[in-house]
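Trainee: Data: model-v9.cif, mmCIF, C-alpha atoms.
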data_start
#
loop_
_atom_site.label_atom_id
_atom_site.label_comp_id
_atom_site.auth_asym_id
_atom_site.auth_seq_id
_atom_site.Cartn_x
_atom_site.Cartn_y
_atom_site.Cartn_z
CA MET A 834 0.00 0.00 0.00
CA LEU A 835 2.81 2.40 0.90
CA ALA A 836 4.55 1.70 -2.40
CA GLU A 837 1.32 2.46 -4.34
CA GLU A 838 0.82 5.77 -2.50
CA THR A 839 4.41 6.75 -3.19
CA HIS A 840 3.97 5.93 -6.89
CA THR A 841 0.80 8.03 -7.07
CA ARG A 842 2.50 11.00 -5.52
CA THR A 843 5.47 10.61 -7.87
CA VAL A 844 3.25 10.52 -10.97
CA ALA A 845 1.30 13.60 -9.81
CA THR A 846 4.52 15.49 -9.17
CA SER A 847 5.80 14.53 -12.62
CA GLU A 848 2.59 15.73 -14.30
CA ASP A 849 2.73 19.00 -12.38
CA PHE A 850 6.31 19.44 -13.54
CA VAL A 851 5.32 18.92 -17.18
CA LYS A 852 2.50 21.47 -16.86
CA ARG A 853 4.78 24.04 -15.24
CA ASP A 854 7.42 23.44 -17.92
CA ARG A 855 4.87 23.96 -20.71
CA THR A 856 3.48 27.09 -19.05
CA ALA A 857 6.98 28.54 -18.69
CA ARG A 858 7.69 27.75 -22.35
CA LEU A 859 4.48 29.43 -23.53
CA LEU A 860 5.32 32.52 -21.48
CA GLY A 861 8.79 32.48 -23.01
CA VAL A 862 7.37 32.38 -26.54
CA ALA A 863 4.95 35.18 -25.67
CA TYR A 864 7.78 37.37 -24.32
CA LEU A 865 9.84 36.60 -27.41
CA LEU A 866 7.04 37.72 -29.72
CA TYR A 867 6.44 40.84 -27.65
CA GLN A 868 10.12 41.78 -27.89
CA HIS A 869 10.06 41.42 -31.71
CA PRO A 870 7.20 43.61 -32.98
CA HIS A 871 8.05 42.76 -36.61
CA GLY A 872 7.65 39.04 -35.93
CA LEU A 873 9.82 35.93 -36.10
CA THR A 874 9.75 32.79 -38.22
CA PRO A 875 9.00 29.44 -36.52
CA THR A 876 12.61 28.43 -37.15
CA GLU A 877 13.92 31.56 -35.40
CA ILE A 878 11.59 30.95 -32.45
CA ALA A 879 12.67 27.29 -32.24
CA GLU A 880 16.34 28.28 -32.17
CA ARG A 881 15.77 30.77 -29.37
CA ILE A 882 13.72 28.50 -27.08
CA GLY A 883 15.60 25.30 -27.88
CA MET A 884 12.60 23.35 -29.17
CA THR A 885 11.55 21.82 -32.50
CA VAL A 886 9.68 23.77 -35.16
CA ARG A 887 6.73 21.40 -34.72
CA THR A 888 6.54 22.32 -31.01
CA VAL A 889 6.67 26.01 -31.93
CA TYR A 890 3.63 25.63 -34.18
CA ARG A 891 1.76 23.90 -31.34
CA ASP A 892 2.79 26.66 -28.91
CA LEU A 893 1.62 29.40 -31.28
CA ARG A 894 -1.80 27.74 -31.54
CA ALA A 895 -1.93 27.32 -27.74
CA LEU A 896 -1.11 30.98 -27.16
CA GLN A 897 -4.08 31.94 -29.31
CA ASP A 898 -6.59 29.25 -28.31
CA GLU A 899 -5.74 28.67 -24.62
CA VAL A 900 -4.05 31.83 -23.37
CA GLY A 901 -6.01 34.36 -25.42
CA ILE A 902 -3.01 36.19 -26.92
CA ALA A 903 -3.79 37.47 -30.42
CA VAL A 904 -1.10 35.97 -32.70
CA TRP A 905 -0.75 37.40 -36.21
CA GLN A 906 0.88 35.83 -39.26
CA GLU A 907 2.40 37.65 -42.21
CA GLY A 908 4.04 35.30 -44.67
CA ARG A 909 6.28 33.05 -42.60
CA ARG A 910 6.59 35.50 -39.73
CA TYR A 911 4.51 35.33 -36.55
CA GLY A 912 3.98 38.01 -33.94
CA ALA A 913 1.74 39.00 -31.04
CA GLU A 914 -0.54 42.02 -31.00
CA PRO A 915 1.08 44.46 -28.54
CA THR A 916 -2.21 45.07 -26.73
CA SER A 917 -2.67 41.33 -26.09
CA PHE A 918 0.42 40.89 -23.97
CA LEU A 919 2.07 43.42 -21.74
CA PRO A 920 5.15 42.73 -19.58
CA PRO A 921 4.50 42.17 -15.86
CA LEU A 922 5.02 44.97 -13.37
CA LYS A 923 7.14 44.55 -10.27
CA LEU A 924 5.45 46.73 -7.68
CA THR A 925 6.28 47.60 -4.11
CA LEU A 926 3.46 47.31 -1.58
CA HIS A 927 2.92 51.07 -1.55
CA GLU A 928 2.90 51.24 -5.35
CA ALA A 929 0.29 48.47 -5.51
CA VAL A 930 -1.89 50.22 -2.91
CA THR A 931 -1.59 53.47 -4.88
CA LEU A 932 -2.79 51.70 -8.04
CA PHE A 933 -5.64 50.13 -6.10
CA LEU A 934 -6.78 53.50 -4.73
CA SER A 935 -6.63 55.03 -8.22
CA ALA A 936 -8.57 52.17 -9.75
CA ARG A 937 -11.11 52.16 -6.90
CA LEU A 938 -11.74 55.86 -7.48
CA MET A 939 -12.51 55.06 -11.11
CA ALA A 940 -14.66 52.08 -10.11
CA ARG A 941 -16.75 54.19 -7.72
CA TYR A 942 -17.82 56.48 -10.54
CA ALA A 943 -18.31 53.76 -13.17
CA ASP A 944 -22.01 53.15 -13.76
CA LYS A 945 -21.61 49.90 -15.67
CA ARG A 946 -19.83 46.57 -15.35
CA ASP A 947 -16.29 46.76 -16.75
CA GLN A 948 -14.62 43.40 -17.33
CA HIS A 949 -11.22 45.03 -17.74
CA VAL A 950 -11.45 46.63 -14.30
CA ILE A 951 -12.51 43.28 -12.82
CA SER A 952 -9.58 41.49 -14.47
CA ALA A 953 -7.08 44.17 -13.41
CA PHE A 954 -8.36 44.08 -9.82
CA ASN A 955 -8.06 40.30 -9.65
CA LYS A 956 -4.46 40.49 -10.84
CA LEU A 957 -3.74 43.25 -8.33
CA ALA A 958 -5.23 41.16 -5.52
CA SER A 959 -2.77 38.35 -6.25
CA ILE A 960 0.20 40.49 -5.15
CA LEU A 961 -1.36 42.18 -2.11
CA PRO A 962 -1.39 40.92 1.48
CA SER A 963 -4.56 39.05 2.42
CA PRO A 964 -6.29 41.90 4.38
CA LEU A 965 -5.90 44.28 1.41
CA ALA A 966 -6.75 41.58 -1.12
CA GLN A 967 -10.10 41.08 0.62
CA HIS A 968 -10.98 44.74 -0.06
CA VAL A 969 -9.99 44.29 -3.70
CA HIS A 970 -12.25 41.24 -4.06
CA ALA A 971 -15.10 43.14 -2.39
CA THR A 972 -14.69 45.91 -4.97
CA VAL A 973 -14.71 43.32 -7.77
CA ALA A 974 -17.96 41.86 -6.43
CA ALA A 975 -19.59 45.30 -6.39
CA ILE A 976 -18.52 46.03 -9.98
CA ALA A 977 -19.70 42.62 -11.16
CA ASP A 978 -23.23 43.41 -9.94
CA ARG A 979 -23.56 46.45 -12.21
CA PRO A 980 -25.40 46.20 -15.54
CA ARG A 981 -23.43 45.29 -18.64
CA ASP A 982 -23.28 47.40 -21.76
CA ASP A 983 -21.80 45.17 -24.44
CA ASN A 984 -21.92 47.83 -27.16
CA TYR A 985 -20.08 50.38 -25.00
CA GLU A 986 -17.50 47.78 -24.01
CA ARG A 987 -16.88 46.83 -27.63
CA ILE A 988 -16.54 50.46 -28.73
CA PHE A 989 -14.29 51.35 -25.78
CA ASP A 990 -12.03 48.34 -26.50
CA LEU A 991 -11.73 49.37 -30.13
CA LEU A 992 -10.94 53.00 -29.26
CA ALA A 993 -8.33 51.90 -26.71
CA THR A 994 -6.74 49.61 -29.31
CA ALA A 995 -6.69 52.44 -31.86
CA TRP A 996 -5.17 54.85 -29.33
CA ALA A 997 -2.43 52.40 -28.30
CA GLY A 998 -1.58 51.56 -31.92
CA CYS A 999 -1.95 55.08 -33.40
CA ARG A 1000 -4.68 53.86 -35.75
CA LYS A 1001 -7.55 56.02 -36.98
CA VAL A 1002 -11.13 54.97 -36.30
CA ARG A 1003 -14.33 55.54 -38.25
CA ILE A 1004 -17.19 56.42 -35.92
CA THR A 1005 -20.82 57.48 -36.21
CA TYR A 1006 -21.75 60.21 -33.75
CA PRO A 1007 -25.00 62.11 -33.10
CA TRP A 1008 -25.34 65.88 -33.22
CA THR A 1009 -28.41 67.81 -32.12
CA HIS A 1010 -29.34 70.94 -34.06
CA PRO A 1011 -30.46 73.96 -31.98
CA ASP A 1012 -33.98 73.38 -33.32
CA GLY A 1013 -34.00 69.86 -31.85
CA ARG A 1014 -33.35 67.83 -35.00
CA LEU A 1015 -30.94 64.92 -34.55
CA PHE A 1016 -28.26 64.16 -37.15
CA ILE A 1017 -25.82 61.23 -37.27
CA HIS A 1018 -22.46 62.05 -38.86
CA GLU A 1019 -19.72 59.63 -39.89
CA ARG A 1020 -16.26 60.81 -38.93
CA VAL A 1021 -12.71 59.47 -39.08
CA VAL A 1022 -10.94 60.32 -35.83
CA ALA A 1023 -7.29 60.07 -34.82
CA PRO A 1024 -7.43 59.31 -31.06
CA TYR A 1025 -5.09 61.58 -29.11
CA PHE A 1026 -6.37 60.75 -25.63
CA LEU A 1027 -9.07 58.99 -23.59
CA GLU A 1028 -10.11 61.06 -20.58
CA PRO A 1029 -12.48 59.95 -17.78
CA ASN A 1030 -14.90 62.40 -16.19
CA ALA A 1031 -16.02 61.44 -12.69
CA SER A 1032 -18.84 63.96 -12.39
CA GLY A 1033 -20.50 62.69 -15.55
CA HIS A 1034 -19.79 58.98 -14.97
CA SER A 1035 -18.41 58.94 -18.48
CA CYS A 1036 -15.33 58.78 -20.70
CA TYR A 1037 -14.31 61.12 -23.52
CA LEU A 1038 -12.30 60.66 -26.70
CA ILE A 1039 -10.13 63.62 -27.69
CA GLY A 1040 -8.71 63.56 -31.20
CA HIS A 1041 -8.50 65.04 -34.67
CA ASP A 1042 -11.85 64.88 -36.45
CA SER A 1043 -11.91 64.59 -40.26
CA TYR A 1044 -15.45 66.02 -40.45
CA SER A 1045 -14.54 69.40 -38.92
CA ASN A 1046 -10.76 69.15 -39.52
CA GLN A 1047 -10.23 70.16 -35.88
CA VAL A 1048 -9.38 68.53 -32.58
CA ARG A 1049 -12.72 67.60 -31.03
CA THR A 1050 -14.03 65.95 -27.88
CA PHE A 1051 -16.49 63.04 -28.16
CA LYS A 1052 -18.38 61.35 -25.34
CA VAL A 1053 -17.66 57.64 -25.75
CA GLU A 1054 -21.14 56.70 -24.48
CA ARG A 1055 -22.66 58.58 -27.45
CA VAL A 1056 -20.60 56.84 -30.14
CA ARG A 1057 -23.10 54.72 -32.11
CA SER A 1058 -20.56 52.57 -33.96
CA ALA A 1059 -16.79 52.35 -34.40
CA GLU A 1060 -14.53 50.67 -36.93
CA LEU A 1061 -10.73 50.39 -36.87
CA THR A 1062 -9.08 51.58 -40.08
CA ALA A 1063 -5.68 50.75 -41.56
CA ASP A 1064 -4.64 54.42 -41.54
CA THR A 1065 -2.07 55.48 -38.94
CA TYR A 1066 -1.28 58.89 -37.48
CA GLU A 1067 1.15 60.79 -35.30
CA VAL A 1068 0.07 63.09 -32.49
CA PRO A 1069 1.21 66.62 -33.43
CA SER A 1070 3.96 68.02 -31.24
CA GLU A 1071 1.84 71.11 -30.53
CA PHE A 1072 -0.96 69.03 -28.95
CA ASN A 1073 -0.81 69.45 -25.18
CA LEU A 1074 -3.58 67.82 -23.16
CA ASP A 1075 -2.80 69.74 -19.98
CA GLN A 1076 -3.04 73.06 -21.80
CA ARG A 1077 -6.27 71.99 -23.50
CA LEU A 1078 -7.93 71.04 -20.22
CA GLN A 1079 -6.28 73.56 -17.90
CA HIS A 1080 -9.48 75.65 -17.66
CA ALA A 1081 -12.00 72.81 -17.92
CA TRP A 1082 -14.05 72.07 -14.82
CA GLY A 1083 -14.31 68.54 -16.15
CA ILE A 1084 -13.78 68.02 -19.86
CA SER A 1085 -15.37 71.08 -21.52
CA ASP A 1086 -13.00 73.53 -23.22
CA GLU A 1087 -15.50 76.28 -24.09
CA ASP A 1088 -14.82 80.03 -23.82
CA LEU A 1089 -13.41 81.18 -20.49
CA VAL A 1090 -15.78 82.49 -17.82
CA GLN A 1091 -14.91 84.12 -14.49
CA VAL A 1092 -16.95 82.55 -11.68
CA ARG A 1093 -17.05 84.11 -8.20
CA LEU A 1094 -18.81 82.42 -5.29
CA ARG A 1095 -19.38 83.41 -1.67
CA PHE A 1096 -19.74 80.64 0.92
CA LEU A 1097 -22.09 82.01 3.55
CA ASN A 1098 -21.68 79.86 6.66
CA PRO A 1099 -18.48 78.80 8.45
CA ALA A 1100 -18.99 75.04 7.94
CA ALA A 1101 -19.47 75.36 4.17
CA ALA A 1102 -16.64 77.89 3.93
CA ARG A 1103 -14.30 75.53 5.74
CA ARG A 1104 -15.23 72.57 3.52
CA ALA A 1105 -14.86 74.64 0.35
CA ASN A 1106 -11.53 76.09 1.43
CA GLU A 1107 -9.88 72.79 2.38
CA THR A 1108 -9.96 71.46 -1.20
CA ARG A 1109 -8.37 72.77 -4.38
CA TRP A 1110 -11.24 72.33 -6.82
CA HIS A 1111 -9.56 73.86 -9.88
CA PRO A 1112 -6.06 75.04 -10.88
CA SER A 1113 -7.29 78.65 -11.24
CA GLN A 1114 -8.83 78.73 -7.76
CA LEU A 1115 -8.33 81.91 -5.71
CA VAL A 1116 -9.51 82.24 -2.11
CA SER A 1117 -10.43 85.39 -0.20
CA GLU A 1118 -11.38 85.14 3.49
CA ASN A 1119 -13.77 87.88 4.59
CA GLY A 1120 -14.08 89.45 8.01
CA ASP A 1121 -17.63 88.14 8.53
CA SER A 1122 -16.53 84.44 8.40
CA THR A 1123 -17.60 84.08 4.78
CA VAL A 1124 -15.16 82.93 2.11
CA ASP A 1125 -15.03 83.92 -1.56
CA LEU A 1126 -13.76 81.45 -4.16
CA SER A 1127 -13.12 82.44 -7.76
CA PHE A 1128 -12.40 80.28 -10.81
CA GLU A 1129 -11.62 80.81 -14.48
CA VAL A 1130 -13.35 77.92 -16.21
CA GLY A 1131 -14.25 76.79 -19.71
CA GLY A 1132 -17.99 77.41 -19.88
CA LEU A 1133 -20.70 77.06 -17.24
CA LEU A 1134 -22.16 73.67 -18.18
CA GLU A 1135 -20.01 71.56 -15.88
CA ILE A 1136 -19.57 73.89 -12.90
CA THR A 1137 -23.31 74.68 -12.57
CA PRO A 1138 -24.34 71.32 -10.99
CA TRP A 1139 -21.44 71.65 -8.54
CA VAL A 1140 -22.62 75.13 -7.50
CA LEU A 1141 -26.21 73.94 -7.11
CA GLY A 1142 -24.99 71.07 -4.96
CA TRP A 1143 -24.04 73.53 -2.21
CA GLY A 1144 -27.67 74.66 -1.90
CA ASP A 1145 -28.22 77.85 0.10
CA ALA A 1146 -24.71 77.69 1.56
CA VAL A 1147 -23.32 79.54 -1.47
CA GLU A 1148 -24.18 82.76 -3.31
CA VAL A 1149 -23.14 83.32 -6.92
CA LEU A 1150 -21.50 86.74 -7.26
CA ALA A 1151 -20.55 86.40 -10.94
CA PRO A 1152 -21.24 85.94 -13.76
CA ALA A 1153 -24.75 87.33 -14.03
CA GLU A 1154 -25.83 84.44 -16.26
CA LEU A 1155 -24.97 81.84 -13.61
CA ARG A 1156 -26.48 83.95 -10.80
CA SER A 1157 -29.72 84.26 -12.77
CA HIS A 1158 -29.81 80.53 -13.49
CA VAL A 1159 -29.30 79.58 -9.82
CA ALA A 1160 -31.95 82.09 -8.72
CA GLU A 1161 -34.45 80.67 -11.22
CA THR A 1162 -33.69 77.15 -10.02
CA ALA A 1163 -34.27 78.24 -6.42
CA ARG A 1164 -37.64 79.77 -7.35
CA ASN A 1165 -38.67 76.61 -9.19
CA LEU A 1166 -37.67 74.45 -6.23
CA SER A 1167 -39.61 76.69 -3.87
CA ALA A 1168 -42.70 76.36 -6.06
CA THR A 1169 -42.29 72.59 -6.33
CA TYR A 1170 -42.10 72.09 -2.56
CA ARG A 1171 -45.05 74.27 -1.59
CA THR A 1172 -48.25 72.56 -0.45
CA GLU A 1173 -51.65 73.12 -2.02
CA ASP A 1174 -52.54 75.76 0.61
CA GLY A 1175 -49.58 77.85 -0.47
CA HIS A 1176 -47.37 77.10 2.53
CA ARG A 1177 -43.95 75.53 2.40
CA ASP A 1178 -43.99 71.76 2.73
CA GLN A 1179 -42.63 70.83 6.18
CA THR A 1180 -42.56 67.06 5.59
CA ALA A 1181 -39.46 65.56 7.17
#
Just give me the structure of the file as structure tokens.

Mentor:
Amino acid sequence: MLAEETHTRTVATSEDFVKRDRTARLLGVAYLLYQHPHGLTPTEIAERIGMTVRTVYRDLRALQDEVGIAVWQEGRRYGAEPTSFLPPLKLTLHEAVTLFLSARLMARYADKRDQHVISAFNKLASILPSPLAQHVHATVAAIADRPRDDNYERIFDLLATAWAGCRKVRITYPWTHPDGRLFIHERVVAPYFLEPNASGHSCYLIGHDSYSNQVRTFKVERVRSAELTADTYEVPSEFNLDQRLQHAWGISDEDLVQVRLRFLNPAAARRANETRWHPSQLVSENGDSTVDLSFEVGGLLEITPWVLGWGDAVEVLAPAELRSHVAETARNLSATYRTEDGHRDQTA
């Protein structure tokens, strides 16, 4: 009986060794392809890994069918799509925690299930100590419960691939005329950047648009369809994302507007003053415990909801357009929350 048990353990150990050896070889082939973006012939691969050409062909099929790495063939040369395989990162504990916090911030504002976030979190959990890994898995579970949007995921994947490979994309995108009519335009866009926007729970594509022949911003959620083209591009040296967005409250780069706000009670003033909301922010503390904040922002569309979120704790001093809009909103709210007898609704 003892001899049989020993034999069983020996066989299992031998099989495990074979599996580990094959896995290591596949990873070696994948690294080799990644390091040679113009591809290698099966003979060249065989010489480098010390295996037969027949084994190389089997490994190339396994990389595609079992591992999920996109392997391309051009003539006798084989290569791996650069977006299919990226080299591993060696992170310190603090670097891994920093990545987790950044990704969790993104996950909190995502309104749909994102399989890439789930996959990245699972990989991150594998290198974190158990107490931190439990928080990562809890985040993954929360993301997995959100609704899927297969069309958005497909379009986002294609745009990310185009951005990474400097390939132009053909998209269809809606535009609403001031009179309310909706038009769908086809455009070829060179992706310069993908920028998330937390306040809008959305992502934006910034790039050169063939339709207007200008650099435009497109909300990814509004893209109806997308197709990768064979045309490549280079980002112009004069394009500077930081300069383009330096005045944006979120993503909008409309004409500059000076916004001045007065925070009327000490608690709101303290909360407003302890955060730098915008690079242009200027603070003025008044003698009556109020605090004035001023910003130079691109348009009023994105800052308006933020101002309204402070309720009656803030007064708009400028511009007149924003002050008028907030006052009208306040009047509408007052009318909405009055009872039928004309008195303010006191329901708790």

Trainee: Excluding Gly1083 of chain A and its own-chain neighbours fewer than 6 positions away, which residues fall within 10 Å of it when counting all atoms listed in the file? Please give them as a PyMOL selection string.

Mentor: chain A and resi 1028-1033+1111+1130-1131+1134-1136

Trainee: Kindly resolve the PyMOL selection byres ((chain A and resi 1035) around 12) on the present coordinates and return the residues as an MDAnalysis selection string.

Mentor: chainID A and resid 939:945 985 989 1027:1034 1036:1038 1051:1055 1083:1084

Trainee: Excluding Ala974 of chain A and its own-chain neighbours fewer than 3 positions away, which residues fall within 12 Å of it when counting all atoms listed in the file? Please give them as a PyMOL selection string.

Mentor: chain A and resi 940+946-948+950-952+954-955+967-971+977-979

Trainee: Could you save the residues just selected, with C-alpha atoms, as a PDB file, in the coordinates of the input?

Mentor:
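Produced file again.pdb, reproduced below:
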ATOM      1  CA  ALA A 940     -14.660  52.080 -10.110  1.00  0.00           C
ATOM      2  CA  ARG A 946     -19.830  46.570 -15.350  1.00  0.00           C
ATOM      3  CA  ASP A 947     -16.290  46.760 -16.750  1.00  0.00           C
ATOM      4  CA  GLN A 948     -14.620  43.400 -17.330  1.00  0.00           C
ATOM      5  CA  VAL A 950     -11.450  46.630 -14.300  1.00  0.00           C
ATOM      6  CA  ILE A 951     -12.510  43.280 -12.820  1.00  0.00           C
ATOM      7  CA  SER A 952      -9.580  41.490 -14.470  1.00  0.00           C
ATOM      8  CA  PHE A 954      -8.360  44.080  -9.820  1.00  0.00           C
ATOM      9  CA  ASN A 955      -8.060  40.300  -9.650  1.00  0.00           C
ATOM     10  CA  GLN A 967     -10.100  41.080   0.620  1.00  0.00           C
ATOM     11  CA  HIS A 968     -10.980  44.740  -0.060  1.00  0.00           C
ATOM     12  CA  VAL A 969      -9.990  44.290  -3.700  1.00  0.00           C
ATOM     13  CA  HIS A 970     -12.250  41.240  -4.060  1.00  0.00           C
ATOM     14  CA  ALA A 971     -15.100  43.140  -2.390  1.00  0.00           C
ATOM     15  CA  ALA A 977     -19.700  42.620 -11.160  1.00  0.00           C
ATOM     16  CA  ASP A 978     -23.230  43.410  -9.940  1.00  0.00           C
ATOM     17  CA  ARG A 979     -23.560  46.450 -12.210  1.00  0.00           C
TER      18      ARG A 979
END

Trainee: Quick one: of A:Val1002, A:Ala913, A:Ala1059, A:Leu992, who's nearest to Gln868 of chain A, counting only C-alpha atoms?

Mentor: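 Between A:Val1002, A:Ala913, A:Ala1059, A:Leu992, the residue approaching Gln868 of chain A most closely is A:Ala913.
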
Trainee: How far is it from atom CA of Ser1122 of chain A to atom CA of Trp1139 of chain A, in Å with one decimal?

Mentor: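 Computing the Euclidean distance for atom CA of Ser1122 of chain A and atom CA of Trp1139 of chain A yields 21.8 Å.
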
Trainee: Which residues match the PyMOL selection byres ((chain A and resi 995) around 10) in the file above, as a PyMOL selection string?

Mentor: chain A and resi 989-994+996-1002+1022-1025+1060-1063+1065

Trainee: So how far away is atom CA of Thr1169 of chain A from atom CA of Val1147 of chain A, in Å?

Mentor: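 Separation of atom CA of Val1147 of chain A and atom CA of Thr1169 of chain A: 20.8 Å.
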
Trainee: Considering all atoms listed in the file, state which residue in the set A:Thr1123, A:Ser1085, A:Ser1117, A:Thr885 is at the smallest distance from Pro1099 of chain A.

Mentor: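 Looking only at the distances to Pro1099 of chain A, the closest residue turns out to be A:Thr1123.
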
Trainee: I'd like the contact shell of Val930 of chain A - 12 Å cut-off, only C-alpha atoms, skipping same-chain residues fewer than 2 positions apart - returned as an NGL selection string.

Mentor: :A and (924-928 or 932-937 or 954 or 957-958 or 960-962 or 964-966 or 968-969)

Trainee: Expressed in Å to a single decimal, how great is the separation between atom CA of Val1092 of chain A and atom CA of Arg1109 of chain A?

Mentor: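 Here the two named atoms are 14.9 Å from each other.
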
Trainee: Which polymer residues have any atom within 12 Å of an atom of Gln897 of chain A, counting all atoms listed in the file, with same-chain residues fewer than 5 positions away left out, as a list in words?

Mentor: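 The contact residues come out as Leu859, Val862, Ala863, Tyr890, Arg891, Asp892, Ile902, Ala903, Val904, Trp905, Gln906, Tyr911, Gly912, Ala913, Glu914, Ser917 and Phe918 of chain A.
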
Trainee: Find, counting only C-alpha atoms, the residue in A:Gly1142, A:Gly1013, A:Val1048, A:Trp1110 that gets nearest to Pro1069 of chain A.

Mentor: A:Val1048

Trainee: Applying the PyMOL selection byres ((chain A and resi 1155-1168) around 10) to the file I just gave you, which residues come out? Please list them as an mmCIF file with C-alpha atoms, in the frame of the given file.

Mentor:
data_model
loop_
_atom_site.group_PDB
_atom_site.id
_atom_site.type_symbol
_atom_site.label_atom_id
_atom_site.label_comp_id
_atom_site.auth_asym_id
_atom_site.auth_seq_id
_atom_site.Cartn_x
_atom_site.Cartn_y
_atom_site.Cartn_z
ATOM 1 C CA VAL A 1092 -16.950 82.550 -11.680
ATOM 2 C CA ARG A 1093 -17.050 84.110 -8.200
ATOM 3 C CA LEU A 1094 -18.810 82.420 -5.290
ATOM 4 C CA LEU A 1133 -20.700 77.060 -17.240
ATOM 5 C CA LEU A 1134 -22.160 73.670 -18.180
ATOM 6 C CA ILE A 1136 -19.570 73.890 -12.900
ATOM 7 C CA THR A 1137 -23.310 74.680 -12.570
ATOM 8 C CA PRO A 1138 -24.340 71.320 -10.990
ATOM 9 C CA VAL A 1140 -22.620 75.130 -7.500
ATOM 10 C CA LEU A 1141 -26.210 73.940 -7.110
ATOM 11 C CA GLY A 1144 -27.670 74.660 -1.900
ATOM 12 C CA ASP A 1145 -28.220 77.850 0.100
ATOM 13 C CA GLU A 1148 -24.180 82.760 -3.310
ATOM 14 C CA VAL A 1149 -23.140 83.320 -6.920
ATOM 15 C CA LEU A 1150 -21.500 86.740 -7.260
ATOM 16 C CA ALA A 1151 -20.550 86.400 -10.940
ATOM 17 C CA PRO A 1152 -21.240 85.940 -13.760
ATOM 18 C CA ALA A 1153 -24.750 87.330 -14.030
ATOM 19 C CA GLU A 1154 -25.830 84.440 -16.260
ATOM 20 C CA THR A 1169 -42.290 72.590 -6.330
ATOM 21 C CA TYR A 1170 -42.100 72.090 -2.560
ATOM 22 C CA ARG A 1171 -45.050 74.270 -1.590
ATOM 23 C CA THR A 1172 -48.250 72.560 -0.450
ATOM 24 C CA GLY A 1175 -49.580 77.850 -0.470
ATOM 25 C CA HIS A 1176 -47.370 77.100 2.530
ATOM 26 C CA ARG A 1177 -43.950 75.530 2.400
ATOM 27 C CA ASP A 1178 -43.990 71.760 2.730
#

Trainee: Here is a test: counting only C-alpha atoms, which residue of A:Gly861, A:Gly1132, A:Pro1112, A:Pro1011 is nearest to Asp1075 of chain A?

Mentor: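 Smallest separation from Asp1075 of chain A among the options: A:Pro1112.
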
Trainee: Could I get segment 1012-1024 of chain A rebuilt with N, CA and C atoms, written as a PDB file, in the frame of the given file?

Mentor:
ATOM      1  N   ASP A1012     -32.526  73.488 -33.216  1.00  0.00           N
ATOM      2  CA  ASP A1012     -33.980  73.380 -33.320  1.00  0.00           C
ATOM      3  C   ASP A1012     -34.501  72.011 -32.873  1.00  0.00           C
ATOM      4  N   GLY A1013     -33.582  71.151 -32.379  1.00  0.00           N
ATOM      5  CA  GLY A1013     -34.000  69.860 -31.850  1.00  0.00           C
ATOM      6  C   GLY A1013     -33.821  68.701 -32.787  1.00  0.00           C
ATOM      7  N   ARG A1014     -33.525  68.932 -34.051  1.00  0.00           N
ATOM      8  CA  ARG A1014     -33.350  67.830 -35.000  1.00  0.00           C
ATOM      9  C   ARG A1014     -32.043  67.082 -34.709  1.00  0.00           C
ATOM     10  N   LEU A1015     -32.105  65.756 -34.835  1.00  0.00           N
ATOM     11  CA  LEU A1015     -30.940  64.920 -34.550  1.00  0.00           C
ATOM     12  C   LEU A1015     -30.321  64.446 -35.862  1.00  0.00           C
ATOM     13  N   PHE A1016     -29.007  64.606 -35.978  1.00  0.00           N
ATOM     14  CA  PHE A1016     -28.260  64.160 -37.150  1.00  0.00           C
ATOM     15  C   PHE A1016     -27.168  63.184 -36.706  1.00  0.00           C
ATOM     16  N   ILE A1017     -26.890  62.193 -37.533  1.00  0.00           N
ATOM     17  CA  ILE A1017     -25.820  61.230 -37.270  1.00  0.00           C
ATOM     18  C   ILE A1017     -24.747  61.428 -38.337  1.00  0.00           C
ATOM     19  N   HIS A1018     -23.547  61.813 -37.920  1.00  0.00           N
ATOM     20  CA  HIS A1018     -22.460  62.050 -38.860  1.00  0.00           C
ATOM     21  C   HIS A1018     -21.409  60.947 -38.744  1.00  0.00           C
ATOM     22  N   GLU A1019     -20.850  60.559 -39.884  1.00  0.00           N
ATOM     23  CA  GLU A1019     -19.720  59.630 -39.890  1.00  0.00           C
ATOM     24  C   GLU A1019     -18.435  60.448 -39.917  1.00  0.00           C
ATOM     25  N   ARG A1020     -17.518  60.082 -39.061  1.00  0.00           N
ATOM     26  CA  ARG A1020     -16.260  60.810 -38.930  1.00  0.00           C
ATOM     27  C   ARG A1020     -15.111  59.821 -38.838  1.00  0.00           C
ATOM     28  N   VAL A1021     -13.941  60.226 -39.304  1.00  0.00           N
ATOM     29  CA  VAL A1021     -12.710  59.470 -39.080  1.00  0.00           C
ATOM     30  C   VAL A1021     -11.898  60.258 -38.061  1.00  0.00           C
ATOM     31  N   VAL A1022     -11.587  59.627 -36.941  1.00  0.00           N
ATOM     32  CA  VAL A1022     -10.940  60.320 -35.830  1.00  0.00           C
ATOM     33  C   VAL A1022      -9.602  59.678 -35.533  1.00  0.00           C
ATOM     34  N   ALA A1023      -8.601  60.520 -35.297  1.00  0.00           N
ATOM     35  CA  ALA A1023      -7.290  60.070 -34.820  1.00  0.00           C
ATOM     36  C   ALA A1023      -7.266  60.250 -33.311  1.00  0.00           C
ATOM     37  N   PRO A1024      -7.346  59.176 -32.524  1.00  0.00           N
ATOM     38  CA  PRO A1024      -7.430  59.310 -31.060  1.00  0.00           C
ATOM     39  C   PRO A1024      -6.136  59.851 -30.455  1.00  0.00           C
TER      40      PRO A1024
END
